[in-house]
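Peer 1: Got a structure for you, written out below as structure tokens; questions coming shortly.
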Amino acid sequence: MDSSSLLYGALALAAATLGAAYTILVLWSPDLIVPKPSEKTYRTASSPSKRLPLPSIHDPAEVDLTVVIPAYNETERLPAMFSTTLAHLASVPSRTYEVLVVDDGSTDGTADLALKLALEYPTADVRVVVLEHNVGKGGAVRHGMLHGRGRRLLMVDADGASRFEDLELLWKAMDELAPTGDEAAVVVGSRAHLVKTEAVVKRSVIRNILMYGLHTILRIVGVGHIRDTQCGFKLFTRSAAQAIFPAQHLATWIFDVELLLLAKELGMAVAEVSIEWHEVSGSKLHVFADSLQMLRDLLILRANLLLGRWTVRPARPEGRRK
């Protein structure tokens with residue numbers, strides 16, 4: 001066989017390999033989640049049987065802060081978290097707010113419990129949204145963010161692991177990044193300072209190994225400048241949320257990385273602030289299986305962004321929307 005035949009064979013093999021890889025990428029890449037009609041409504045404690053239409057992130061802001069709480073089968077952990085959250089929000093009377101609980105297809109009555117808990121805080125604006133099926137934490141966060149009314153929007157886990165009072169640390173950092181309120185910016189709560197403390201050391205060996213492995217991969221995919229991408233305590237300005245969340249594809253555990261990569265693609269200012277955090281039992285994370293899924297999703301994410309299959313556009317200023 002002559003050299004030209006070998007060359008053509010090698011080129012054909014390379015083309016077939018690339019074609020197969022691209023096909024796998026297309027098949028494995030999730031589409032943007034399209035909400036069902038019932039998911040575009042919310043209920044309140046005062047009208048638990050009445051469904052009201054949700055607003056849009058592209059509408060003008062109506063309150064200072066939206067708190068988005070994704071919740072999947074959280075009847076055990078939500079009460080304590082809810083109490084801490086509402087107590088702190090009430091302690092800052094100058095700040096208007098809403099709490100948006102997004103029930104991610106729970107089967108344990110999480111939504112009804114949230115409405116019951118809201119009755120204990122009659123002056124609080126608590127809204128409960130129910131997704132018909134479990135889509136994943138990232139999907140629940142995205143849904144809440146797309147329907148928040150806040151000038152700033154906070155995502156916070158329902159387990160109460162992050163100290164909610166540390167919102168003020170994020171708020172102060174955001175004041176510096178977005179002094180006029182119109183800038184697109186993100187402030188990330190971080191547990192990186194806890195790596196050498198009991199909060200992390202007491203974790204299982206396999207969980208810590210996977211954590212360090214994930215951090216290495218994150219540096220490769222482009223978010224190594226953030227020491228803790230996975231902390232479920234992140235604050236967005238409204239203009240940042242308007243640009244990032246409509247473009248978010250991933251609904252799985254690694255969705256935080258997509259949010260930060262999209263922010264980086266758009267040149268947004270991002271700050272990382274140390275917060276207090278403690279381990280809370282009842283995690284839905286299956287360490288080994290979900291770590292493999294995270295790796296797959298990271299590769300899918302980076303490939304789609306590099307190939308231009310997934311794109312993100314800057315948010316247009318409010319008032320120019322048609």
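Starting from 1 in every chain, residues are counted up; chains themselves are A, B, ... following the order of the structure tokens, and ligands are numbered from 1 as listed.
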What's the 12 Å shell around Arg296 (chain A), counting only C-alpha atoms, without same-chain residues fewer than 4 positions away, as a PyMOL selection string?
Peer 2: chain A and resi 24-25+28-29+214+217+250+252-254+289-292+300-303
Peer 1: With only C-alpha atoms counted and 12 Å as the cut-off, give the residues of region 17-70 of chain A in contact with region 75-85 of chain A, each with its shortest interatomic distance in Å and the pair that gives it, as CSV.
Peer 2:
```
residue,atom,partner,partner_atom,distance
A:Val67,CA,A:Thr85,CA,9.2
A:Val68,CA,A:Thr85,CA,11.3
A:Ile69,CA,A:Phe82,CA,9.6
A:Pro70,CA,A:Leu78,CA,10.4
```
Peer 1: Deliver the residues from the most recent selection as a file, using N, CA and C atoms, as an mmCIF file, in the first residue's frame.
Peer 2:
```cif
data_model
loop_
_atom_site.group_PDB
_atom_site.id
_atom_site.type_symbol
_atom_site.label_atom_id
_atom_site.label_comp_id
_atom_site.auth_asym_id
_atom_site.auth_seq_id
_atom_site.Cartn_x
_atom_site.Cartn_y
_atom_site.Cartn_z
ATOM 1 N N VAL A 67 -35.209 35.479 46.475
ATOM 2 C CA VAL A 67 -34.498 34.312 47.010
ATOM 3 C C VAL A 67 -35.098 33.072 46.364
ATOM 4 N N VAL A 68 -34.312 32.369 45.558
ATOM 5 C CA VAL A 68 -34.771 31.164 44.872
ATOM 6 C C VAL A 68 -34.287 29.940 45.646
ATOM 7 N N ILE A 69 -35.238 29.117 46.083
ATOM 8 C CA ILE A 69 -34.917 27.905 46.841
ATOM 9 C C ILE A 69 -35.368 26.687 46.048
ATOM 10 N N PRO A 70 -34.447 25.961 45.405
ATOM 11 C CA PRO A 70 -34.829 24.716 44.729
ATOM 12 C C PRO A 70 -35.050 23.634 45.778
#
```
Peer 1: Considering only C-alpha atoms, can you say which of A:Val280, A:Val126, A:Ala247, A:Ala269 comes closest to Asp31 (chain A)?
Peer 2: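 For Asp31 (chain A), the nearest of the candidates is A:Ala247.
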Peer 1: Here is a test: counting only C-alpha atoms, which residue of A:Ile226, A:Leu113, A:Val188, A:Val129 is nearest to Pro53 (chain A)?
Peer 2: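 Closest candidate: A:Val129.
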Peer 1: What are the closest atom pairs, with distances in Å to one decimal, for all residues of region 22-75 of chain A lying within 12 Å of region 152-167 of chain A? Consider only C-alpha atoms, order rows by chain and residue number, and present the result as a Markdown table.
Peer 2:
```
| residue | atom | partner | partner_atom | distance |
| --- | --- | --- | --- | --- |
| A:Ile57 | CA | A:Leu153 | CA | 10.1 |
| A:Pro60 | CA | A:Arg152 | CA | 11.9 |
| A:Ala61 | CA | A:Arg152 | CA | 8.8 |
| A:Glu62 | CA | A:Arg152 | CA | 10.5 |
| A:Val63 | CA | A:Arg152 | CA | 8.5 |
| A:Asp64 | CA | A:Arg152 | CA | 6.2 |
| A:Leu65 | CA | A:Arg152 | CA | 5.0 |
| A:Thr66 | CA | A:Leu153 | CA | 4.6 |
| A:Val67 | CA | A:Leu154 | CA | 4.8 |
| A:Val68 | CA | A:Met155 | CA | 4.8 |
| A:Ile69 | CA | A:Val156 | CA | 5.5 |
| A:Pro70 | CA | A:Asp157 | CA | 6.4 |
| A:Ala71 | CA | A:Ala158 | CA | 5.9 |
| A:Tyr72 | CA | A:Ala158 | CA | 8.6 |
| A:Asn73 | CA | A:Ala158 | CA | 9.9 |
| A:Glu74 | CA | A:Ala158 | CA | 7.0 |
| A:Thr75 | CA | A:Ala158 | CA | 9.7 |
```
Peer 1: Between CA of Ala15 (chain A) and CA of Leu306 (chain A), what distance in Å does the model show, to one decimal?
Peer 2: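 Result for CA of Ala15 (chain A) versus CA of Leu306 (chain A): 18.5 Å, one decimal.
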Peer 1: Any chance you could list, as number ranges by chain, the residues in region 96-162 of chain A that come up strand (DSSP E) when DSSP is run on the backbone?
Peer 2: A: 97-103, 126-130, 150-156
Peer 1: Could you write out the selected residues, including N, CA and C atoms, as a compact mmCIF listing (two decimals), in the first residue's frame?
Peer 2:
```
# COMPACT_ATOMS: atom_id res chain seq x y z
N TYR A 97 -38.37 42.08 49.46
CA TYR A 97 -37.93 40.78 48.98
C TYR A 97 -39.12 39.87 48.65
N GLU A 98 -38.81 38.80 47.97
CA GLU A 98 -39.73 37.70 47.76
C GLU A 98 -38.94 36.40 47.90
N VAL A 99 -39.62 35.36 48.34
CA VAL A 99 -39.01 34.03 48.42
C VAL A 99 -39.76 33.14 47.45
N LEU A 100 -39.01 32.54 46.54
CA LEU A 100 -39.60 31.69 45.50
C LEU A 100 -39.12 30.25 45.71
N VAL A 101 -40.01 29.42 46.23
CA VAL A 101 -39.69 28.00 46.43
C VAL A 101 -40.08 27.25 45.18
N VAL A 102 -39.12 26.57 44.56
CA VAL A 102 -39.39 25.80 43.35
C VAL A 102 -39.33 24.32 43.70
N ASP A 103 -40.51 23.72 43.80
CA ASP A 103 -40.61 22.29 44.11
C ASP A 103 -40.30 21.50 42.85
N VAL A 126 -44.02 34.97 50.01
CA VAL A 126 -43.53 33.63 49.69
C VAL A 126 -44.39 33.04 48.57
N ARG A 127 -43.74 32.63 47.51
CA ARG A 127 -44.43 32.05 46.36
C ARG A 127 -43.91 30.63 46.13
N VAL A 128 -44.82 29.72 45.83
CA VAL A 128 -44.44 28.32 45.65
C VAL A 128 -44.80 27.88 44.24
N VAL A 129 -43.82 27.37 43.54
CA VAL A 129 -43.99 26.86 42.18
C VAL A 129 -43.73 25.36 42.19
N VAL A 130 -44.54 24.61 41.46
CA VAL A 130 -44.36 23.16 41.41
C VAL A 130 -44.05 22.73 39.99
N GLY A 150 -36.69 40.31 41.51
CA GLY A 150 -35.71 41.08 42.26
C GLY A 150 -34.70 41.84 41.42
N ARG A 151 -34.21 42.95 41.98
CA ARG A 151 -33.09 43.65 41.37
C ARG A 151 -31.82 42.82 41.52
N ARG A 152 -31.79 42.05 42.59
CA ARG A 152 -30.75 41.05 42.78
C ARG A 152 -31.45 39.73 43.09
N LEU A 153 -30.83 38.63 42.66
CA LEU A 153 -31.45 37.32 42.82
C LEU A 153 -30.45 36.36 43.45
N LEU A 154 -30.87 35.71 44.52
CA LEU A 154 -30.01 34.79 45.26
C LEU A 154 -30.51 33.36 45.10
N MET A 155 -29.62 32.46 44.75
CA MET A 155 -29.95 31.03 44.79
C MET A 155 -29.35 30.46 46.06
N VAL A 156 -30.16 29.66 46.79
CA VAL A 156 -29.69 29.10 48.05
C VAL A 156 -30.30 27.72 48.24
```
Peer 1: Where in region 29-221 of chain A does DSSP assign helix (DSSP H, G or I), given as a VMD selection string?
Peer 2: chain A and resid 37 to 40 78 to 90 110 to 118 137 to 146 164 to 177 192 to 194 198 to 201 205 to 221
Peer 1: Please save C-alpha atoms of the selected residues as a PDB file, in the first residue's frame.
Peer 2:
```pdb
ATOM      1  CA  PRO A  37     -48.354  25.736  31.436  1.00  0.00           C
ATOM      2  CA  SER A  38     -48.904  24.821  35.097  1.00  0.00           C
ATOM      3  CA  GLU A  39     -45.245  25.581  35.860  1.00  0.00           C
ATOM      4  CA  LYS A  40     -45.739  29.187  34.809  1.00  0.00           C
ATOM      5  CA  LEU A  78     -36.848  22.884  54.803  1.00  0.00           C
ATOM      6  CA  PRO A  79     -38.442  24.015  58.111  1.00  0.00           C
ATOM      7  CA  ALA A  80     -35.167  24.961  59.828  1.00  0.00           C
ATOM      8  CA  MET A  81     -33.793  26.604  56.684  1.00  0.00           C
ATOM      9  CA  PHE A  82     -37.053  28.491  56.157  1.00  0.00           C
ATOM     10  CA  SER A  83     -37.033  29.811  59.707  1.00  0.00           C
ATOM     11  CA  THR A  84     -33.456  31.097  59.454  1.00  0.00           C
ATOM     12  CA  THR A  85     -34.046  32.628  56.033  1.00  0.00           C
ATOM     13  CA  LEU A  86     -37.237  34.497  56.870  1.00  0.00           C
ATOM     14  CA  ALA A  87     -35.878  35.690  60.220  1.00  0.00           C
ATOM     15  CA  HIS A  88     -32.870  37.277  58.555  1.00  0.00           C
ATOM     16  CA  LEU A  89     -34.858  38.823  55.723  1.00  0.00           C
ATOM     17  CA  ALA A  90     -37.192  40.384  58.291  1.00  0.00           C
ATOM     18  CA  THR A 110     -42.675  19.682  49.929  1.00  0.00           C
ATOM     19  CA  ALA A 111     -44.841  22.302  48.200  1.00  0.00           C
ATOM     20  CA  ASP A 112     -47.689  21.951  50.690  1.00  0.00           C
ATOM     21  CA  LEU A 113     -45.226  22.179  53.576  1.00  0.00           C
ATOM     22  CA  ALA A 114     -43.722  25.357  52.107  1.00  0.00           C
ATOM     23  CA  LEU A 115     -47.199  26.915  51.941  1.00  0.00           C
ATOM     24  CA  LYS A 116     -47.867  25.843  55.539  1.00  0.00           C
ATOM     25  CA  LEU A 117     -44.566  27.316  56.724  1.00  0.00           C
ATOM     26  CA  ALA A 118     -45.338  30.562  54.911  1.00  0.00           C
ATOM     27  CA  LYS A 137     -31.459  21.177  40.854  1.00  0.00           C
ATOM     28  CA  GLY A 138     -30.110  23.266  37.990  1.00  0.00           C
ATOM     29  CA  GLY A 139     -33.444  23.180  36.212  1.00  0.00           C
ATOM     30  CA  ALA A 140     -35.282  24.259  39.358  1.00  0.00           C
ATOM     31  CA  VAL A 141     -32.860  27.139  39.959  1.00  0.00           C
ATOM     32  CA  ARG A 142     -33.160  28.240  36.331  1.00  0.00           C
ATOM     33  CA  HIS A 143     -36.953  28.196  36.537  1.00  0.00           C
ATOM     34  CA  GLY A 144     -36.963  30.347  39.659  1.00  0.00           C
ATOM     35  CA  MET A 145     -34.464  32.820  38.242  1.00  0.00           C
ATOM     36  CA  LEU A 146     -36.427  33.214  35.009  1.00  0.00           C
ATOM     37  CA  PHE A 164     -28.018  32.679  55.398  1.00  0.00           C
ATOM     38  CA  GLU A 165     -26.838  35.729  57.352  1.00  0.00           C
ATOM     39  CA  ASP A 166     -23.765  35.711  55.085  1.00  0.00           C
ATOM     40  CA  LEU A 167     -26.007  37.129  52.395  1.00  0.00           C
ATOM     41  CA  GLU A 168     -24.806  40.470  53.768  1.00  0.00           C
ATOM     42  CA  LEU A 169     -21.227  39.602  52.799  1.00  0.00           C
ATOM     43  CA  LEU A 170     -22.345  38.857  49.259  1.00  0.00           C
ATOM     44  CA  TRP A 171     -24.478  42.002  49.228  1.00  0.00           C
ATOM     45  CA  LYS A 172     -21.529  44.178  50.212  1.00  0.00           C
ATOM     46  CA  ALA A 173     -19.341  42.624  47.516  1.00  0.00           C
ATOM     47  CA  MET A 174     -22.116  43.189  44.963  1.00  0.00           C
ATOM     48  CA  ASP A 175     -22.335  46.850  45.976  1.00  0.00           C
ATOM     49  CA  GLU A 176     -18.692  47.146  44.920  1.00  0.00           C
ATOM     50  CA  LEU A 177     -19.126  45.238  41.636  1.00  0.00           C
ATOM     51  CA  ALA A 192     -12.661  27.136  49.847  1.00  0.00           C
ATOM     52  CA  HIS A 193     -11.330  28.492  53.143  1.00  0.00           C
ATOM     53  CA  LEU A 194     -12.793  25.437  54.901  1.00  0.00           C
ATOM     54  CA  GLU A 198     -13.257  19.612  60.098  1.00  0.00           C
ATOM     55  CA  ALA A 199     -16.183  20.574  57.867  1.00  0.00           C
ATOM     56  CA  VAL A 200     -14.306  19.063  54.921  1.00  0.00           C
ATOM     57  CA  VAL A 201     -11.723  16.799  56.569  1.00  0.00           C
ATOM     58  CA  VAL A 205     -11.844   9.864  51.542  1.00  0.00           C
ATOM     59  CA  ILE A 206     -13.514   9.090  48.208  1.00  0.00           C
ATOM     60  CA  ARG A 207     -15.575  12.315  48.393  1.00  0.00           C
ATOM     61  CA  ASN A 208     -12.465  14.419  49.014  1.00  0.00           C
ATOM     62  CA  ILE A 209     -10.541  12.685  46.206  1.00  0.00           C
ATOM     63  CA  LEU A 210     -13.403  13.372  43.804  1.00  0.00           C
ATOM     64  CA  MET A 211     -13.562  16.988  45.005  1.00  0.00           C
ATOM     65  CA  TYR A 212      -9.886  17.594  44.224  1.00  0.00           C
ATOM     66  CA  GLY A 213     -10.261  15.811  40.873  1.00  0.00           C
ATOM     67  CA  LEU A 214     -13.207  18.025  39.977  1.00  0.00           C
ATOM     68  CA  HIS A 215     -11.225  21.162  40.818  1.00  0.00           C
ATOM     69  CA  THR A 216      -8.428  20.027  38.497  1.00  0.00           C
ATOM     70  CA  ILE A 217     -10.871  19.481  35.634  1.00  0.00           C
ATOM     71  CA  LEU A 218     -12.508  22.860  36.287  1.00  0.00           C
ATOM     72  CA  ARG A 219      -9.176  24.581  35.801  1.00  0.00           C
ATOM     73  CA  ILE A 220      -8.914  22.840  32.445  1.00  0.00           C
ATOM     74  CA  VAL A 221     -12.396  23.831  31.247  1.00  0.00           C
TER      75      VAL A 221
END
```
Peer 1: Please compute the CA of Tyr22 (chain A)-CA of Met294 (chain A) distance, one decimal, in Å.
Peer 2: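 So the two atoms, CA of Tyr22 (chain A) and CA of Met294 (chain A), lie 19.2 Å apart.
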Peer 1: Which value, in Å to one decimal, gives the distance between CA of Val257 (chain A) and CA of Ala185 (chain A)?
Peer 2: 15.5 Å
